[in-house]
Structures are given as structure tokens and as C-alpha cells.
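Here is the file protein_28.txt (compact mmCIF, C-alpha atoms).
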# COMPACT_ATOMS: atom_id res chain seq x y z
CA MET A 148 -14.71 -13.26 -18.41
CA ALA A 149 -14.90 -10.05 -20.33
CA VAL A 150 -11.30 -8.84 -19.95
CA ASP A 151 -9.68 -8.77 -23.36
CA PRO A 152 -6.10 -10.16 -23.23
CA SER A 153 -5.16 -7.97 -26.19
CA LEU A 154 -5.41 -4.94 -23.85
CA ALA A 155 -2.04 -5.92 -22.34
CA GLY A 156 0.49 -3.23 -23.08
CA ARG A 157 -2.10 -0.45 -22.98
CA VAL A 158 -0.81 2.81 -21.51
CA TYR A 159 -3.42 5.11 -19.98
CA PRO A 160 -3.29 8.92 -20.11
CA PRO A 161 -1.38 10.46 -17.16
CA GLN A 162 -3.62 11.33 -14.22
CA PRO A 163 -2.94 14.38 -12.05
CA TYR A 164 -2.88 14.25 -8.25
CA GLU A 165 -2.21 17.37 -6.18
CA VAL A 166 -0.79 16.54 -2.75
CA SER A 167 -2.11 18.65 0.12
CA ARG A 168 -0.86 18.91 3.69
CA GLU A 169 -4.36 18.18 4.96
CA LYS A 170 -4.62 14.94 2.97
CA ILE A 171 -1.23 13.78 4.25
CA ARG A 172 -2.31 14.52 7.83
CA GLU A 173 -5.63 12.73 7.30
CA PHE A 174 -3.85 9.71 5.85
CA ALA A 175 -1.26 9.64 8.68
CA ASP A 176 -4.12 9.80 11.21
CA ALA A 177 -5.89 6.92 9.45
CA ILE A 178 -2.83 4.67 9.74
CA GLY A 179 -2.21 5.82 13.34
CA ASP A 180 1.22 7.32 12.64
CA ALA A 181 2.01 10.36 14.78
CA ASP A 182 5.32 11.26 13.04
CA PRO A 183 5.64 15.09 13.01
CA LEU A 184 7.27 14.95 9.54
CA TYR A 185 3.75 14.20 8.22
CA ARG A 186 2.23 17.27 9.90
CA ASP A 187 4.67 20.01 10.79
CA PRO A 188 6.47 21.89 7.96
CA LYS A 189 9.02 23.22 10.46
CA ALA A 190 9.91 19.72 11.65
CA ALA A 191 10.16 18.56 8.02
CA LYS A 192 12.44 21.46 7.06
CA GLU A 193 14.71 20.78 10.03
CA ARG A 194 15.18 17.29 8.58
CA GLY A 195 16.03 18.66 5.14
CA TYR A 196 12.66 18.28 3.45
CA LEU A 197 11.05 21.12 1.47
CA ASN A 198 7.65 20.52 3.06
CA VAL A 199 5.80 17.89 5.07
CA ILE A 200 6.29 14.47 3.54
CA ALA A 201 3.82 11.63 3.14
CA PRO A 202 3.97 8.10 4.59
CA PRO A 203 5.45 5.68 2.02
CA THR A 204 2.16 3.94 1.22
CA PHE A 205 0.47 7.31 0.54
CA ALA A 206 1.72 6.61 -3.01
CA MET A 207 -1.35 4.39 -3.31
CA LEU A 208 -3.58 7.48 -3.62
CA PRO A 209 -2.23 8.60 -7.00
CA VAL A 210 -1.94 4.93 -8.00
CA LEU A 211 -5.67 4.46 -7.36
CA ARG A 212 -6.39 7.14 -9.96
CA GLY A 213 -4.65 4.88 -12.45
CA PHE A 214 -6.49 1.79 -11.25
CA ASP A 215 -9.77 3.72 -11.64
CA GLN A 216 -9.04 4.32 -15.34
CA LEU A 217 -8.26 0.71 -15.95
CA VAL A 218 -11.17 -0.71 -13.94
CA ALA A 219 -13.57 1.64 -15.76
CA GLU A 220 -12.28 0.63 -19.17
CA LEU A 221 -12.43 -3.07 -18.37
CA GLY A 222 -16.04 -2.68 -17.23
CA VAL A 223 -15.53 -4.28 -13.82
CA THR A 224 -16.41 -3.04 -10.34
CA TYR A 225 -14.09 -2.91 -7.33
CA ALA A 226 -16.29 -5.43 -5.49
CA GLN A 227 -14.92 -7.99 -8.01
CA VAL A 228 -11.32 -6.94 -7.41
CA ILE A 229 -8.82 -8.42 -4.92
CA HIS A 230 -5.39 -6.84 -4.40
CA VAL A 231 -2.85 -9.68 -4.77
CA ASN A 232 0.45 -7.88 -4.31
CA GLN A 233 1.98 -4.42 -4.28
CA ARG A 234 5.48 -3.02 -4.64
CA PHE A 235 6.79 0.54 -4.39
CA VAL A 236 10.19 1.84 -5.38
CA HIS A 237 10.57 5.37 -4.05
CA ALA A 238 12.93 7.84 -5.73
CA ARG A 239 12.03 10.40 -3.05
CA PRO A 240 9.22 10.90 -0.54
CA ILE A 241 5.99 12.44 -1.81
CA ARG A 242 5.57 15.88 -0.23
CA ALA A 243 2.86 18.49 0.21
CA GLY A 244 2.60 20.71 -2.84
CA ASP A 245 3.58 18.00 -5.30
CA GLN A 246 1.62 18.10 -8.55
CA LEU A 247 1.97 14.45 -9.43
CA LEU A 248 1.27 12.80 -12.75
CA THR A 249 0.69 9.05 -12.75
CA THR A 250 1.06 7.04 -15.92
CA THR A 251 -0.49 3.59 -15.73
CA THR A 252 0.40 0.64 -17.93
CA LEU A 253 -1.57 -2.59 -18.06
CA GLU A 254 1.43 -4.86 -18.39
CA SER A 255 -0.20 -8.27 -18.44
CA VAL A 256 -3.59 -9.97 -18.58
CA ARG A 257 -3.84 -13.67 -17.81
CA SER A 258 -6.50 -16.14 -16.78
CA ALA A 259 -6.23 -18.14 -13.57
CA ALA A 260 -8.93 -20.56 -12.42
CA GLY A 261 -11.82 -18.59 -13.89
CA ASN A 262 -10.44 -15.26 -12.70
CA VAL A 263 -8.24 -12.73 -14.46
CA LEU A 264 -4.91 -11.49 -13.11
CA LEU A 265 -3.89 -7.99 -14.15
CA GLY A 266 -0.28 -6.88 -13.91
CA ILE A 267 -0.16 -3.10 -13.53
CA ARG A 268 2.68 -0.58 -13.38
CA CYS A 269 2.24 3.05 -12.36
CA GLU A 270 5.00 5.61 -12.82
CA ILE A 271 4.50 8.59 -10.52
CA ALA A 272 6.40 11.73 -11.51
CA ALA A 273 6.51 15.32 -10.36
CA GLU A 274 5.30 18.08 -12.68
CA SER A 275 8.90 18.66 -13.75
CA GLY A 276 9.11 15.04 -14.89
CA GLU A 277 11.28 14.09 -11.90
CA PRO A 278 10.55 10.45 -11.00
CA VAL A 279 8.95 10.08 -7.56
CA CYS A 280 7.76 6.48 -7.29
CA GLU A 281 7.24 3.37 -9.35
CA ALA A 282 4.40 1.18 -8.16
CA THR A 283 3.67 -2.29 -9.48
CA ALA A 284 0.69 -4.41 -8.54
CA THR A 285 -1.27 -7.52 -9.35
CA LEU A 286 -5.06 -7.35 -9.16
CA LEU A 287 -7.31 -10.38 -9.33
CA VAL A 288 -10.68 -9.81 -11.00
CA ARG A 289 -13.49 -12.25 -10.28
CA PRO A 290 -16.19 -12.84 -12.87
CA ALA A 291 -19.16 -10.51 -12.44
CA ASP A 292 -21.70 -13.33 -12.72
CA ALA A 293 -20.17 -15.61 -10.08
CA PRO A 294 -22.80 -17.19 -7.85
CA ASP A 295 -22.86 -15.80 -4.31
CA GLY A 296 -20.64 -17.56 -1.79
CA MET B 215 25.10 0.70 11.06
CA ALA B 216 22.79 -2.25 10.79
CA ASP B 217 24.02 -5.85 10.69
CA VAL B 218 22.49 -8.98 9.24
CA GLY B 219 20.39 -10.57 11.95
CA ASP B 220 19.43 -7.30 13.65
CA THR B 221 15.77 -7.40 14.58
CA LEU B 222 13.04 -4.78 14.48
CA ALA B 223 11.21 -5.14 17.79
CA GLU B 224 7.83 -6.80 17.30
CA GLN B 225 4.85 -4.47 17.37
CA GLN B 226 1.14 -5.19 17.69
CA TYR B 227 -1.44 -3.15 15.82
CA GLN B 228 -5.15 -3.38 16.56
CA LEU B 229 -7.69 -2.81 13.79
CA THR B 230 -11.42 -2.33 14.21
CA ARG B 231 -14.19 -1.65 11.71
CA ALA B 232 -13.89 2.04 12.60
CA ASP B 233 -10.25 1.98 11.44
CA LEU B 234 -11.32 0.46 8.10
CA VAL B 235 -13.94 3.16 7.57
CA ARG B 236 -11.42 5.87 8.40
CA TYR B 237 -8.81 4.35 6.06
CA ALA B 238 -11.40 3.99 3.27
CA GLY B 239 -12.13 7.70 3.51
CA ALA B 240 -8.52 8.81 3.83
CA SER B 241 -7.24 6.60 1.00
CA GLY B 242 -10.18 6.82 -1.39
CA ASP B 243 -10.33 3.00 -1.49
CA VAL B 244 -14.06 2.52 -0.94
CA ASN B 245 -14.24 -1.09 -2.13
CA PRO B 246 -17.32 -2.44 -0.24
CA ILE B 247 -15.54 -5.69 0.75
CA HIS B 248 -13.88 -3.48 3.39
CA TRP B 249 -17.14 -2.32 4.99
CA SER B 250 -20.12 -4.40 3.81
CA ASP B 251 -20.69 -7.91 5.24
CA ARG B 252 -23.13 -8.55 2.42
CA VAL B 253 -20.66 -7.72 -0.36
CA ALA B 254 -17.80 -9.49 1.43
CA ALA B 255 -19.90 -12.67 1.67
CA ALA B 256 -20.89 -12.42 -2.00
CA ALA B 257 -17.19 -12.18 -2.86
CA GLY B 258 -16.62 -15.47 -1.06
CA LEU B 259 -14.81 -13.88 1.87
CA PRO B 260 -15.28 -15.03 5.47
CA GLY B 261 -16.23 -11.47 6.47
CA VAL B 262 -15.29 -7.83 6.01
CA ILE B 263 -11.53 -7.68 5.47
CA ALA B 264 -8.96 -4.96 6.06
CA HIS B 265 -7.49 -3.16 3.06
CA GLY B 266 -4.24 -4.89 2.15
CA MET B 267 -2.76 -1.42 1.88
CA LEU B 268 -3.79 -0.64 5.47
CA THR B 269 -1.87 -3.70 6.66
CA MET B 270 1.05 -2.57 4.51
CA ALA B 271 0.83 0.92 6.00
CA LEU B 272 1.02 -0.45 9.57
CA VAL B 273 4.08 -2.49 8.65
CA GLY B 274 5.46 0.70 7.10
CA ARG B 275 5.17 2.36 10.53
CA LEU B 276 7.48 -0.28 12.03
CA LEU B 277 9.96 0.30 9.19
CA THR B 278 9.98 4.10 9.27
CA GLU B 279 10.13 4.20 13.09
CA TRP B 280 13.11 1.84 13.00
CA ALA B 281 14.85 3.82 10.26
CA GLY B 282 14.10 7.08 12.07
CA ASP B 283 13.00 8.75 8.82
CA PRO B 284 10.05 7.95 6.51
CA GLY B 285 12.21 9.08 3.60
CA ALA B 286 14.61 6.19 4.30
CA LEU B 287 12.21 3.60 2.84
CA VAL B 288 13.48 2.99 -0.70
CA GLU B 289 11.60 -0.12 -1.69
CA TYR B 290 8.69 -1.92 -0.12
CA ARG B 291 6.71 -4.89 -1.32
CA ALA B 292 4.26 -7.48 -0.05
CA ARG B 293 1.89 -10.18 -1.19
CA PHE B 294 -1.53 -10.20 0.45
CA SER B 295 -1.56 -13.93 1.13
CA HIS B 296 -4.42 -14.25 3.58
CA PRO B 297 -7.36 -11.92 4.21
CA VAL B 298 -7.38 -10.00 7.51
CA VAL B 299 -10.95 -10.48 8.70
CA VAL B 300 -12.10 -7.69 10.99
CA PRO B 301 -15.10 -8.66 13.16
CA ASP B 302 -17.75 -6.06 13.97
CA ASP B 303 -16.91 -5.75 17.67
CA ASP B 304 -14.90 -3.46 19.95
CA ASP B 305 -11.67 -5.48 19.78
CA GLY B 306 -11.42 -6.12 16.04
CA VAL B 307 -8.25 -7.94 15.12
CA THR B 308 -4.61 -7.68 16.22
CA LEU B 309 -1.72 -7.79 13.75
CA SER B 310 1.76 -8.75 14.93
CA VAL B 311 4.63 -7.32 12.89
CA ALA B 312 8.31 -8.17 13.22
CA GLY B 313 11.34 -7.65 11.02
CA VAL B 314 14.89 -8.88 10.61
CA VAL B 315 17.80 -7.50 8.62
CA THR B 316 18.69 -10.06 5.97
CA GLU B 317 21.10 -8.10 3.79
CA VAL B 318 23.53 -5.19 4.07
CA ARG B 319 24.54 -3.96 0.63
CA ASP B 320 27.81 -2.39 -0.41
CA ASP B 321 26.00 0.94 -0.92
CA GLY B 322 24.82 0.82 2.70
CA LEU B 323 21.20 -0.02 1.93
CA VAL B 324 19.69 -2.66 4.16
CA GLY B 325 17.23 -5.42 3.23
CA VAL B 326 14.59 -6.22 5.83
CA ASP B 327 12.28 -9.25 5.79
CA LEU B 328 8.98 -8.80 7.57
CA THR B 329 6.69 -11.25 9.30
CA VAL B 330 3.08 -10.15 9.62
CA THR B 331 0.65 -12.45 11.38
CA VAL B 332 -2.84 -12.62 12.83
CA GLY B 333 -2.72 -15.44 15.39
CA ALA B 334 -0.77 -18.20 13.66
CA GLU B 335 -1.70 -17.06 10.13
CA LYS B 336 0.75 -15.15 7.93
CA VAL B 337 -1.31 -12.41 6.31
CA LEU B 338 1.53 -11.00 4.20
CA THR B 339 4.16 -13.05 2.44
CA GLN B 340 7.19 -11.95 0.42
CA ALA B 341 7.07 -8.85 2.62
CA ARG B 342 10.37 -7.12 2.16
CA ALA B 343 11.80 -3.63 2.32
CA VAL B 344 15.00 -1.88 1.36
CA VAL B 345 15.86 0.88 3.81
CA ARG B 346 18.64 3.34 4.43
CA PRO B 347 19.88 2.14 7.79
CA PRO B 348 19.21 4.00 11.01
CA VAL B 349 21.93 6.41 12.03
CA ALA B 350 23.28 6.79 15.55
CA ARG B 351 21.56 3.75 16.98

As C-alpha cells, what does this structure read like?
Amino acid sequence: MAVDPSLAGRVYPPQPYEVSREKIREFADAIGDADPLYRDPKAAKERGYLNVIAPPTFAMLPVLRGFDQLVAELGVTYAQVIHVNQRFVHARPIRAGDQLLTTTTLESVRSAAGNVLLGIRCEIAAESGEPVCEATATLLVRPADAPDG
Amino acid sequence: MADVGDTLAEQQYQLTRADLVRYAGASGDVNPIHWSDRVAAAAGLPGVIAHGMLTMALVGRLLTEWAGDPGALVEYRARFSHPVVVPDDDDGVTLSVAGVVTEVRDDGLVGVDLTVTVGAEKVLTQARAVVRPPVAR
């Protein structure tokens, strides 16, 4: 397996993600959630939010930008990758208009039964530096040359 | 106020291949194991599987509906313990999601344990959330 264990501890350059109302609506539609707080700025403001907010797992969109960096550097493809676990700690909901910056750290690299387990932490912050969400995940990477089946 | 032992009424969520395609587009997660039988088989999977994050999102709906506010979800975690295979037919697969309050903290935050199954199989384990409790319920 080509993943170099010495890469553990690597911090990747922050990746921008601009949150749009349309993307939040599209995401809410895709998960079948009709909550007006995801669509209607007026409804969101009445509940004390500055703009429409995103469903909690929308945080995965900026996180994927971080995963993309790491997967590219490790020279693997997503077809080799299985999502093992995921955790989010939200400081506040993501909202439309947020200019997010996601800093990804490859926290651990270890071998398990011919595969590699990657421990990843993504810190999502607003442009001001205000923390928005911390996301941690484990990805399992299968060898590229595994026989089919 | 929530009490330990309070339950979140069980919900069923149906997923078809069309839902996976829509989620792939909306999320940007275009991993082919979620839409290609060929790639899923090569990865050793029994068939095309749902995105773990789509399952987590559906469970999130139960949580945010119960809390009455999506902003009430403080912490949310799960382990994708068993793949959710989605057959290429009109019915797809049905997820059953239930929750129970297991902890009420001094600061008012509430711990919820979640059970997410397809048939008899648990598809998420260690599925847990920390939520600001619902008001006026």
C-alpha cells in the first residue's frame, strides 16, 4: 500500500467554501427535509438566524474539499475509499453567505488487514476566524491493485 | 424539558437509486460505489450502497424535527457499520430510525442514542447526538 505513514500530522492549506442559499435548498431537497429554515430567509430571521441555515450534515460539503486534497496527495481514488465513521461538533449552524475556510489535518495513518485507515480532522471556520464546526472522520483505503471481488 | 428514557418516535425513510443520484449531485460525493454496480462489485460490495452521509442526514432529520430547530444539534456522530445496499428497483430500501434520551446534562444538553436499521441489520453503530432539548413539548 502506497500510503506513507510519515504523512501523519500533515496539515493541508485551508480550502474556501462559499455557502449559497441555492446549494442549501438543493441539499435539503436531496435529503427530503422540508424545513423552511433551510429555504426561507424570513422564517430563519424570525427564529433568530441571520440567514437561511443548512442541515447539520451539510458540513460534509466543505469537509469534502479537505478530503479531496488528501486523497489527491495520497494518489488514491474515491472508488478505493470507504467512510468508516464521522463526527461533527457544531459551534453554530452553517448559514447562507458564509465564506468558510476548512483546514484539514491527517491525524493518523495505520494499516489494518491490508488496508489503510486514515484519521482526519477538519476545522471549519468563518472568514472572521469564528469556529463553525469541527469534523473528524476515519476513512478506509483499499489497495488499488486488489483483485476484483 | 427532556428526561432520560424519552423516545424519539420511530421513523421510516425509503431510499431508491434516484435518491442516491440526487444526493451525489447535491453533496458533491460522486464516489462510483454509490451509483455503479460494476465499481461496487469490484470494491467487494454486495451492490450499490447508499452514502453513509445520506443515512446520517436522514437520522439528522429525526433529530432536528424532534428538537424543533436544526441549530439545536450540537454534536452528532456515527459509525457506518454495515453497508446500506440499494437495489435498482422502484422500492429501494427502507431505513428505520429511532432514538432514546440517555443523558440530561447539568447544562441542559441532552444525549440521544440512535438505532438505525435495515430489516434486522444495524447499519449505524455508536450513533449518538447531543442536542439542546425541545422547548414547550

Polymer residues at most 12 Å from (-7.1, -5.1, 5.0) by only C-alpha atoms, as a ChimeraX atom specification = /A:178,229-231 /B:228-231,233-235,237-238,243-249,261-272,294-301,306-309,332,337-338

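For the choices A:Arg289, A:Arg212, A:Ala238, A:Tyr196, the atom-to-atom distance to Ser258 of chain A is smallest for A:Arg289 when using all atoms listed in the file.
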
Residue hits in chain B, query chain A, radius 6 Å, only C-alpha atoms, as a list in words |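 Result: Arg236, Tyr237, Ala240, Ser241, Asn245, Ala256, Gly258, Ala271, Gly285, Val288, Glu289, Tyr290, Arg291, Ala292, Arg293 and Phe294 of chain B.
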
Take the point (24.5, 4.1, -1.4) as written in the file and pick out every residue within 12 Å of it, counting all atoms listed in the file; give the list as a CSV table (one decimal) with C-alpha atoms, in the coordinates of the input.
chain,number,residue,atom,x,y,z
B,286,ALA,CA,14.6,6.2,4.3
B,288,VAL,CA,13.5,3.0,-0.7
B,318,VAL,CA,23.5,-5.2,4.1
B,319,ARG,CA,24.5,-4.0,0.6
B,320,ASP,CA,27.8,-2.4,-0.4
B,321,ASP,CA,26.0,0.9,-0.9
B,322,GLY,CA,24.8,0.8,2.7
B,323,LEU,CA,21.2,0.0,1.9
B,324,VAL,CA,19.7,-2.7,4.2
B,344,VAL,CA,15.0,-1.9,1.4
B,345,VAL,CA,15.9,0.9,3.8
B,346,ARG,CA,18.6,3.3,4.4
B,347,PRO,CA,19.9,2.1,7.8

So what do you get for atom CA of Thr278 of chain B versus atom CA of Leu248 of chain A, distance-wise?
-> 25.2 Å
